[in-house]
$ cat model.json   # JSON, C-alpha atoms
[["chain", "number", "residue", "atom", "x", "y", "z"],
["Q", 1, "MET", "CA", -53.80, 205.31, 112.86],
["Q", 2, "PRO", "CA", -55.01, 205.56, 109.24],
["Q", 3, "SER", "CA", -56.32, 208.87, 107.97],
["Q", 4, "ALA", "CA", -60.02, 209.36, 107.20],
["Q", 5, "ALA", "CA", -59.22, 209.25, 103.48],
["Q", 6, "ALA", "CA", -57.51, 205.83, 103.92],
["Q", 7, "GLU", "CA", -60.81, 204.27, 105.06],
["Q", 8, "PRO", "CA", -62.98, 202.89, 102.24],
["Q", 9, "LEU", "CA", -65.49, 205.45, 101.00],
["Q", 10, "THR", "CA", -68.88, 203.82, 101.45],
["Q", 11, "PRO", "CA", -72.39, 205.30, 101.18],
["Q", 12, "GLU", "CA", -72.84, 204.72, 104.93],
["Q", 13, "ARG", "CA", -69.64, 206.62, 105.77],
["Q", 14, "ILE", "CA", -70.70, 209.48, 103.48],
["Q", 15, "LEU", "CA", -74.13, 209.62, 105.14],
["Q", 16, "GLU", "CA", -72.65, 209.67, 108.66],
["Q", 17, "THR", "CA", -70.31, 212.49, 107.69],
["Q", 18, "THR", "CA", -73.11, 214.37, 105.93],
["Q", 19, "GLU", "CA", -75.16, 214.26, 109.13],
["Q", 20, "GLU", "CA", -72.28, 215.88, 110.99],
["Q", 21, "VAL", "CA", -71.83, 218.53, 108.28],
["Q", 22, "LEU", "CA", -75.58, 219.28, 108.34],
["Q", 23, "ARG", "CA", -75.47, 219.65, 112.10],
["Q", 24, "ARG", "CA", -72.51, 222.03, 111.83],
["Q", 25, "PHE", "CA", -73.65, 224.20, 108.90],
["Q", 26, "GLY", "CA", -77.42, 223.61, 108.65],
["Q", 27, "PRO", "CA", -79.37, 222.41, 105.62],
["Q", 28, "THR", "CA", -79.11, 225.59, 103.57],
["Q", 29, "LYS", "CA", -75.34, 226.17, 103.94],
["Q", 30, "ALA", "CA", -73.96, 222.61, 103.91],
["Q", 31, "THR", "CA", -72.41, 221.64, 100.58],
["Q", 32, "VAL", "CA", -71.07, 218.49, 98.99],
["Q", 33, "VAL", "CA", -67.65, 220.15, 99.08],
["Q", 34, "ASP", "CA", -68.00, 220.46, 102.88],
["Q", 35, "VAL", "CA", -68.82, 216.75, 103.09],
["Q", 36, "ALA", "CA", -65.90, 215.82, 100.84],
["Q", 37, "ARG", "CA", -63.53, 218.01, 102.88],
["Q", 38, "ALA", "CA", -64.68, 216.34, 106.12],
["Q", 39, "LEU", "CA", -64.07, 212.94, 104.51],
["Q", 40, "GLY", "CA", -60.67, 213.94, 103.11],
["Q", 41, "VAL", "CA", -61.74, 213.14, 99.52],
["Q", 42, "SER", "CA", -62.66, 215.08, 96.39],
["Q", 43, "HIS", "CA", -66.26, 216.12, 95.89],
["Q", 44, "GLY", "CA", -66.25, 213.96, 92.76],
["Q", 45, "SER", "CA", -65.76, 210.91, 94.98],
["Q", 46, "VAL", "CA", -68.93, 211.79, 96.89],
["Q", 47, "TYR", "CA", -70.82, 212.31, 93.62],
["Q", 48, "ARG", "CA", -69.88, 208.77, 92.53],
["Q", 49, "HIS", "CA", -72.13, 207.53, 95.34],
["Q", 50, "PHE", "CA", -74.76, 210.30, 95.32],
["Q", 51, "PRO", "CA", -75.41, 212.13, 92.02],
["Q", 52, "SER", "CA", -76.43, 215.47, 93.57],
["Q", 53, "LYS", "CA", -76.64, 217.47, 96.77],
["Q", 54, "ALA", "CA", -80.41, 216.81, 96.79],
["Q", 55, "ALA", "CA", -79.88, 213.05, 96.48],
["Q", 56, "LEU", "CA", -77.38, 213.11, 99.33],
["Q", 57, "ARG", "CA", -79.69, 215.16, 101.53],
["Q", 58, "GLU", "CA", -82.62, 212.87, 100.78],
["Q", 59, "ALA", "CA", -80.53, 209.80, 101.60],
["Q", 60, "VAL", "CA", -79.56, 211.33, 104.96],
["Q", 61, "THR", "CA", -83.19, 212.13, 105.70],
["Q", 62, "ASP", "CA", -84.30, 208.65, 104.65],
["Q", 63, "ARG", "CA", -81.72, 207.10, 106.97],
["Q", 64, "TRP", "CA", -82.82, 209.37, 109.81],
["Q", 65, "LEU", "CA", -86.55, 208.73, 109.31],
["Q", 66, "ALA", "CA", -86.02, 204.97, 108.98],
["Q", 67, "LYS", "CA", -85.05, 204.81, 112.65],
["Q", 68, "SER", "CA", -88.57, 205.92, 113.63],
["Q", 69, "VAL", "CA", -90.21, 203.54, 111.18],
["Q", 70, "VAL", "CA", -88.30, 200.57, 112.62],
["Q", 71, "MET", "CA", -89.19, 201.51, 116.19],
["Q", 72, "LEU", "CA", -92.87, 202.00, 115.30],
["Q", 73, "GLU", "CA", -92.94, 198.75, 113.34],
["Q", 74, "LYS", "CA", -92.06, 196.86, 116.53],
["Q", 75, "ILE", "CA", -95.22, 198.24, 118.10],
["Q", 76, "ALA", "CA", -97.37, 197.67, 115.01],
["Q", 77, "SER", "CA", -96.33, 194.04, 114.63],
["Q", 78, "ALA", "CA", -96.16, 193.11, 118.33],
["Q", 79, "PRO", "CA", -98.13, 189.88, 118.85],
["Q", 80, "GLY", "CA", -100.71, 189.51, 121.59],
["Q", 81, "GLU", "CA", -101.30, 193.21, 122.27],
["Q", 82, "PRO", "CA", -104.95, 194.30, 121.78],
["Q", 83, "ALA", "CA", -105.30, 196.68, 118.84],
["Q", 84, "PRO", "CA", -106.69, 199.62, 120.89],
["Q", 85, "SER", "CA", -103.68, 199.44, 123.24],
["Q", 86, "LYS", "CA", -101.34, 199.01, 120.31],
["Q", 87, "LEU", "CA", -102.88, 202.02, 118.55],
["Q", 88, "GLU", "CA", -102.45, 204.17, 121.66],
["Q", 89, "ALA", "CA", -98.84, 203.01, 122.14],
["Q", 90, "TRP", "CA", -98.06, 203.62, 118.46],
["Q", 91, "LEU", "CA", -99.44, 207.18, 118.50],
["Q", 92, "GLU", "CA", -97.58, 207.94, 121.73],
["Q", 93, "ALA", "CA", -94.31, 206.55, 120.34],
["Q", 94, "LEU", "CA", -94.68, 208.60, 117.13],
["Q", 95, "PHE", "CA", -95.27, 211.79, 119.11],
["Q", 96, "GLU", "CA", -92.33, 211.11, 121.42],
["Q", 97, "ALA", "CA", -90.04, 210.26, 118.48],
["Q", 98, "LYS", "CA", -90.89, 213.50, 116.68],
["Q", 99, "ARG", "CA", -90.49, 215.56, 119.86],
["Q", 100, "HIS", "CA", -87.10, 213.98, 120.54],
["Q", 101, "LYS", "CA", -85.94, 214.48, 116.96],
["Q", 102, "ALA", "CA", -86.88, 218.15, 117.13],
["Q", 103, "GLY", "CA", -85.28, 218.67, 120.54],
["Q", 104, "ASP", "CA", -82.27, 216.36, 120.35],
["Q", 105, "ASP", "CA", -81.28, 216.84, 116.72],
["Q", 106, "PRO", "CA", -82.59, 220.24, 115.60],
["Q", 107, "GLU", "CA", -80.25, 220.56, 112.61],
["Q", 108, "LEU", "CA", -81.38, 217.29, 111.05],
["Q", 109, "PHE", "CA", -84.96, 218.12, 111.98],
["Q", 110, "ALA", "CA", -84.50, 221.35, 110.02],
["Q", 111, "THR", "CA", -83.33, 219.29, 107.04],
["Q", 112, "TYR", "CA", -86.48, 217.20, 107.33],
["Q", 113, "THR", "CA", -88.66, 220.30, 107.30],
["Q", 114, "VAL", "CA", -86.78, 221.65, 104.27],
["Q", 115, "LEU", "CA", -87.50, 218.39, 102.44],
["Q", 116, "LEU", "CA", -91.16, 218.56, 103.45],
["Q", 117, "GLY", "CA", -91.31, 221.95, 101.79],
["Q", 118, "GLU", "CA", -89.80, 220.44, 98.64],
["Q", 119, "ASN", "CA", -92.42, 217.64, 98.61],
["Q", 120, "SER", "CA", -89.65, 215.10, 98.71],
["Q", 121, "GLY", "CA", -90.38, 211.54, 97.63],
["Q", 122, "VAL", "CA", -88.47, 210.40, 100.72],
["Q", 123, "VAL", "CA", -90.91, 212.17, 103.01],
["Q", 124, "ASP", "CA", -93.91, 210.89, 101.03],
["Q", 125, "ALA", "CA", -92.60, 207.33, 101.33],
["Q", 126, "HIS", "CA", -92.05, 207.82, 105.07],
["Q", 127, "LEU", "CA", -95.61, 209.05, 105.58],
["Q", 128, "GLY", "CA", -96.88, 206.13, 103.50],
["Q", 129, "GLU", "CA", -95.04, 203.67, 105.74],
["Q", 130, "LEU", "CA", -96.53, 205.26, 108.86],
["Q", 131, "ILE", "CA", -100.07, 205.16, 107.48],
["Q", 132, "ASP", "CA", -99.53, 201.54, 106.40],
["Q", 133, "GLN", "CA", -98.60, 200.64, 109.98],
["Q", 134, "LEU", "CA", -101.73, 202.37, 111.28],
["Q", 135, "THR", "CA", -103.81, 200.54, 108.67],
["Q", 136, "ARG", "CA", -102.48, 197.19, 109.84],
["Q", 137, "ILE", "CA", -103.17, 198.00, 113.50],
["Q", 138, "ILE", "CA", -106.76, 199.06, 112.76],
["Q", 139, "ALA", "CA", -107.34, 196.06, 110.46],
["Q", 140, "GLU", "CA", -106.11, 193.78, 113.23],
["Q", 141, "GLY", "CA", -108.58, 195.40, 115.64],
["Q", 142, "VAL", "CA", -111.45, 195.06, 113.16],
["Q", 143, "ALA", "CA", -110.61, 191.38, 112.66],
["Q", 144, "ALA", "CA", -110.55, 190.83, 116.44],
["Q", 145, "GLY", "CA", -113.76, 192.81, 117.00],
["Q", 146, "THR", "CA", -112.04, 195.37, 119.25],
["Q", 147, "LEU", "CA", -112.26, 198.19, 116.67],
["Q", 148, "VAL", "CA", -114.87, 199.12, 114.06],
["Q", 149, "ALA", "CA", -113.98, 200.78, 110.76],
["Q", 150, "PRO", "CA", -115.98, 200.17, 107.57],
["Q", 151, "ASP", "CA", -113.09, 201.71, 105.57],
["Q", 152, "VAL", "CA", -109.86, 200.64, 107.30],
["Q", 153, "PRO", "CA", -107.44, 202.62, 105.08],
["Q", 154, "GLY", "CA", -109.70, 205.68, 105.37],
["Q", 155, "ALA", "CA", -109.81, 205.29, 109.17],
["Q", 156, "ALA", "CA", -106.02, 204.99, 109.33],
["Q", 157, "ARG", "CA", -105.60, 208.15, 107.26],
["Q", 158, "ALA", "CA", -108.17, 209.96, 109.43],
["Q", 159, "VAL", "CA", -106.34, 208.97, 112.64],
["Q", 160, "PHE", "CA", -103.04, 210.12, 111.15],
["Q", 161, "ASP", "CA", -104.52, 213.43, 110.00],
["Q", 162, "ALA", "CA", -106.38, 214.01, 113.27],
["Q", 163, "THR", "CA", -103.15, 213.62, 115.25],
["Q", 164, "GLY", "CA", -101.11, 215.79, 112.87],
["Q", 165, "ARG", "CA", -100.55, 218.47, 115.51],
["Q", 166, "PHE", "CA", -98.49, 215.91, 117.42],
["Q", 167, "HIS", "CA", -96.22, 214.73, 114.61],
["Q", 168, "ASP", "CA", -96.29, 217.24, 111.75],
["Q", 169, "PRO", "CA", -93.14, 219.42, 111.90],
["Q", 170, "GLN", "CA", -95.13, 222.58, 111.18],
["Q", 171, "TYR", "CA", -96.43, 222.30, 114.78],
["Q", 172, "VAL", "CA", -93.00, 221.92, 116.39],
["Q", 173, "ALA", "CA", -93.46, 225.11, 118.45],
["Q", 174, "ASP", "CA", -96.64, 223.62, 120.01],
["Q", 175, "TRP", "CA", -94.68, 220.63, 121.28],
["Q", 176, "LEU", "CA", -93.05, 222.83, 123.93],
["Q", 177, "SER", "CA", -96.40, 223.81, 125.46],
["Q", 178, "PRO", "CA", -96.79, 222.71, 129.10],
["Q", 179, "THR", "CA", -100.26, 221.31, 128.24],
["Q", 180, "ILE", "CA", -99.27, 219.40, 125.10],
["Q", 181, "LEU", "CA", -99.26, 215.95, 126.73],
["Q", 182, "THR", "CA", -102.73, 216.49, 128.19],
["Q", 183, "GLU", "CA", -103.96, 217.65, 124.78],
["Q", 184, "PHE", "CA", -102.36, 214.65, 123.08],
["Q", 185, "GLU", "CA", -103.97, 212.23, 125.54],
["Q", 186, "ALA", "CA", -107.40, 213.84, 125.04],
["Q", 187, "VAL", "CA", -107.21, 213.57, 121.23],
["Q", 188, "THR", "CA", -105.91, 210.00, 121.34],
["Q", 189, "ALA", "CA", -108.59, 208.88, 123.80],
["Q", 190, "LEU", "CA", -111.30, 210.47, 121.66],
["Q", 191, "LEU", "CA", -110.04, 208.76, 118.49],
["Q", 192, "ILE", "CA", -109.79, 205.35, 120.11],
["Q", 193, "ARG", "CA", -113.28, 205.68, 121.65],
["Q", 194, "GLY", "CA", -114.59, 206.58, 118.19],
["Q", 195, "LEU", "CA", -113.15, 203.34, 116.75],
["Q", 196, "ARG", "CA", -114.48, 201.04, 119.45],
["Q", 197, "PRO", "CA", -117.58, 198.92, 118.76]]
$ encode --input "model.json" --output "structure tokens"
Amino acid sequence: MPSAAAEPLTPERILETTEEVLRRFGPTKATVVDVARALGVSHGSVYRHFPSKAALREAVTDRWLAKSVVMLEKIASAPGEPAPSKLEAWLEALFEAKRHKAGDDPELFATYTVLLGENSGVVDAHLGELIDQLTRIIAEGVAAGTLVAPDVPGAARAVFDATGRFHDPQYVADWLSPTILTEFEAVTALLIRGLRP
């Protein structure tokens, strides 16, 4: 069996290993040297693919967040589903994805919150993609006459902001509340009623 160092060093392999190192050491203690050691290469080899620790950490976060974007895109672009139902399903899927990330992968979730604090471009791009998906869902509803929004992008941003408690990492402690699902359903129902003709 070949050693880890005998395998080609690819960005994907570095990112997978970085995720494991972040899980083991956390976002503040993990270093590029730790990643290189886990890969069986020099830290210079890692830097050839990622110019800094920040770039590596952002790439890991981007890869991690992309999984949610892809899953939510399936809902946003699903044909035949009425926009109000699609909007409800999308908001529910976002909430569930964030709750699972926080509960199932707390170390990478911690990395995400660290990047939020740094105003990372990766996080800004992620939020932009999510709001774009909401914009398309609402625009589809307006075109079909099932939703009303004079300013579709403004409505999408308002829906995103109004549901922040259910997807913004600063509220992660709230997500453990026994009443959180009831609260989520109440907010979602209110928002969708407000967008109906």
$ atom_distance --input "model.json" --atom1 "CA of Gly164 in chain Q" --atom2 "CA of Ala78 in chain Q"
23.8 Å
$ atom_distance --input "model.json" --atom1 "CA of Lys29 in chain Q" --atom2 "CA of Ala54 in chain Q"
12.8 Å
$ closest_residue --input "model.json" --among "Q:Gln170, Q:Thr135, Q:Ser85, Q:Ser177" --to "Ile192 in chain Q" --atoms "all atoms listed in the file"
Q:Ser85
$ atom_distance --input "model.json" --atom1 "CA of Glu88 in chain Q" --atom2 "CA of Gly103 in chain Q"
22.5 Å
$ closest_residue --input "model.json" --among "Q:Ala83, Q:Ala102, Q:Leu191, Q:Val123" --to "Leu65 in chain Q" --atoms "all atoms listed in the file"
Q:Val123
$ residues_around --input "model.json" --residues "Arg37 in chain Q" --least-positions-apart "5" --cutoff "12 Å" --atoms "all atoms listed in the file" --output "list in words"
Ala4, Ala5, Ile14, Thr17, Thr18, Val21, Ala30, Thr31, Val32, Ser42, His43, Gly44, Ser45 and Val46 of chain Q
$ closest_residue --input "model.json" --among "Q:Leu130, Q:Leu91, Q:Ala110, Q:Val172" --to "Phe184 in chain Q" --atoms "only C-alpha atoms"
Q:Leu91
$ closest_residue --input "model.json" --among "Q:Tyr112, Q:Trp90, Q:Tyr47, Q:Trp64" --to "Thr163 in chain Q" --atoms "only C-alpha atoms"
Q:Trp90
$ closest_residue --input "model.json" --among "Q:Ala155, Q:Ala173, Q:Ala59, Q:Ala76" --to "Val122 in chain Q" --atoms "all atoms listed in the file"
Q:Ala59
$ closest_residue --input "model.json" --among "Q:Pro51, Q:Pro153, Q:Gly26, Q:Pro169" --to "Arg136 in chain Q" --atoms "all atoms listed in the file"
Q:Pro153
$ residues_around --input "model.json" --residues "Leu108 in chain Q" --least-positions-apart "6" --cutoff "8 Å" --atoms "all atoms listed in the file" --output "number ranges by chain"
Q: 19, 22-23, 26-27, 61, 101
$ write_last_selection --input "model.json" --atoms "C-alpha atoms" --output "short mmCIF file (atom, residue, chain, number, x, y, z; two decimals), in the frame of the given file"
data_model
loop_
_atom_site.label_atom_id
_atom_site.label_comp_id
_atom_site.auth_asym_id
_atom_site.auth_seq_id
_atom_site.Cartn_x
_atom_site.Cartn_y
_atom_site.Cartn_z
CA GLU Q 19 -75.16 214.26 109.13
CA LEU Q 22 -75.58 219.28 108.34
CA ARG Q 23 -75.47 219.65 112.10
CA GLY Q 26 -77.42 223.61 108.65
CA PRO Q 27 -79.37 222.41 105.62
CA THR Q 61 -83.19 212.13 105.70
CA LYS Q 101 -85.94 214.48 116.96
#
$ decode --input "model.json" --residues "range 131-155 of chain Q" --atoms "N, CA and C atoms" --output "mmCIF file, in the first residue's frame"
data_model
loop_
_atom_site.group_PDB
_atom_site.id
_atom_site.type_symbol
_atom_site.label_atom_id
_atom_site.label_comp_id
_atom_site.auth_asym_id
_atom_site.auth_seq_id
_atom_site.Cartn_x
_atom_site.Cartn_y
_atom_site.Cartn_z
ATOM 1 N N ILE Q 131 -29.240 34.378 -1.119
ATOM 2 C CA ILE Q 131 -30.217 35.430 -1.406
ATOM 3 C C ILE Q 131 -30.617 35.403 -2.877
ATOM 4 N N ASP Q 132 -29.684 35.066 -3.760
ATOM 5 C CA ASP Q 132 -30.017 34.921 -5.184
ATOM 6 C C ASP Q 132 -31.043 33.810 -5.395
ATOM 7 N N GLN Q 133 -30.877 32.699 -4.697
ATOM 8 C CA GLN Q 133 -31.851 31.614 -4.817
ATOM 9 C C GLN Q 133 -33.225 32.063 -4.334
ATOM 10 N N LEU Q 134 -33.274 32.756 -3.209
ATOM 11 C CA LEU Q 134 -34.543 33.285 -2.709
ATOM 12 C C LEU Q 134 -35.164 34.258 -3.707
ATOM 13 N N THR Q 135 -34.349 35.094 -4.302
ATOM 14 C CA THR Q 135 -34.829 36.069 -5.291
ATOM 15 C C THR Q 135 -35.490 35.356 -6.458
ATOM 16 N N ARG Q 136 -34.863 34.281 -6.926
ATOM 17 C CA ARG Q 136 -35.430 33.539 -8.058
ATOM 18 C C ARG Q 136 -36.750 32.863 -7.696
ATOM 19 N N ILE Q 137 -36.836 32.331 -6.471
ATOM 20 C CA ILE Q 137 -38.085 31.698 -6.032
ATOM 21 C C ILE Q 137 -39.207 32.740 -5.977
ATOM 22 N N ILE Q 138 -38.936 33.881 -5.375
ATOM 23 C CA ILE Q 138 -39.957 34.921 -5.243
ATOM 24 C C ILE Q 138 -40.330 35.476 -6.617
ATOM 25 N N ALA Q 139 -39.348 35.687 -7.490
ATOM 26 C CA ALA Q 139 -39.637 36.178 -8.846
ATOM 27 C C ALA Q 139 -40.520 35.194 -9.598
ATOM 28 N N GLU Q 140 -40.260 33.920 -9.421
ATOM 29 C CA GLU Q 140 -41.080 32.885 -10.051
ATOM 30 C C GLU Q 140 -42.522 32.961 -9.556
ATOM 31 N N GLY Q 141 -42.683 33.180 -8.241
ATOM 32 C CA GLY Q 141 -44.023 33.316 -7.673
ATOM 33 C C GLY Q 141 -44.736 34.559 -8.164
ATOM 34 N N VAL Q 142 -44.007 35.666 -8.284
ATOM 35 C CA VAL Q 142 -44.596 36.908 -8.805
ATOM 36 C C VAL Q 142 -45.057 36.689 -10.243
ATOM 37 N N ALA Q 143 -44.215 36.051 -11.049
ATOM 38 C CA ALA Q 143 -44.566 35.790 -12.451
ATOM 39 C C ALA Q 143 -45.797 34.891 -12.570
ATOM 40 N N ALA Q 144 -45.945 33.946 -11.630
ATOM 41 C CA ALA Q 144 -47.079 33.023 -11.666
ATOM 42 C C ALA Q 144 -48.316 33.587 -10.973
ATOM 43 N N GLY Q 145 -48.166 34.723 -10.284
ATOM 44 C CA GLY Q 145 -49.291 35.317 -9.579
ATOM 45 C C GLY Q 145 -49.581 34.684 -8.227
ATOM 46 N N THR Q 146 -48.654 33.849 -7.729
ATOM 47 C CA THR Q 146 -48.865 33.214 -6.418
ATOM 48 C C THR Q 146 -48.199 33.986 -5.280
ATOM 49 N N LEU Q 147 -47.330 34.931 -5.628
ATOM 50 C CA LEU Q 147 -46.686 35.811 -4.655
ATOM 51 C C LEU Q 147 -46.739 37.243 -5.180
ATOM 52 N N VAL Q 148 -46.690 38.205 -4.273
ATOM 53 C CA VAL Q 148 -46.673 39.621 -4.641
ATOM 54 C C VAL Q 148 -45.476 40.271 -3.961
ATOM 55 N N ALA Q 149 -44.654 40.944 -4.756
ATOM 56 C CA ALA Q 149 -43.504 41.675 -4.223
ATOM 57 C C ALA Q 149 -43.114 42.749 -5.236
ATOM 58 N N PRO Q 150 -43.424 44.019 -4.940
ATOM 59 C CA PRO Q 150 -43.058 45.086 -5.870
ATOM 60 C C PRO Q 150 -41.537 45.181 -6.096
ATOM 61 N N ASP Q 151 -40.768 44.829 -5.069
ATOM 62 C CA ASP Q 151 -39.301 44.842 -5.147
ATOM 63 C C ASP Q 151 -38.825 43.425 -4.805
ATOM 64 N N VAL Q 152 -38.655 42.599 -5.825
ATOM 65 C CA VAL Q 152 -38.321 41.181 -5.598
ATOM 66 C C VAL Q 152 -36.997 41.020 -4.855
ATOM 67 N N PRO Q 153 -35.905 41.679 -5.287
ATOM 68 C CA PRO Q 153 -34.655 41.516 -4.524
ATOM 69 C C PRO Q 153 -34.783 42.001 -3.076
ATOM 70 N N GLY Q 154 -35.530 43.097 -2.881
ATOM 71 C CA GLY Q 154 -35.744 43.611 -1.526
ATOM 72 C C GLY Q 154 -36.542 42.627 -0.684
ATOM 73 N N ALA Q 155 -37.547 41.988 -1.299
ATOM 74 C CA ALA Q 155 -38.351 40.992 -0.585
ATOM 75 C C ALA Q 155 -37.503 39.787 -0.217
#
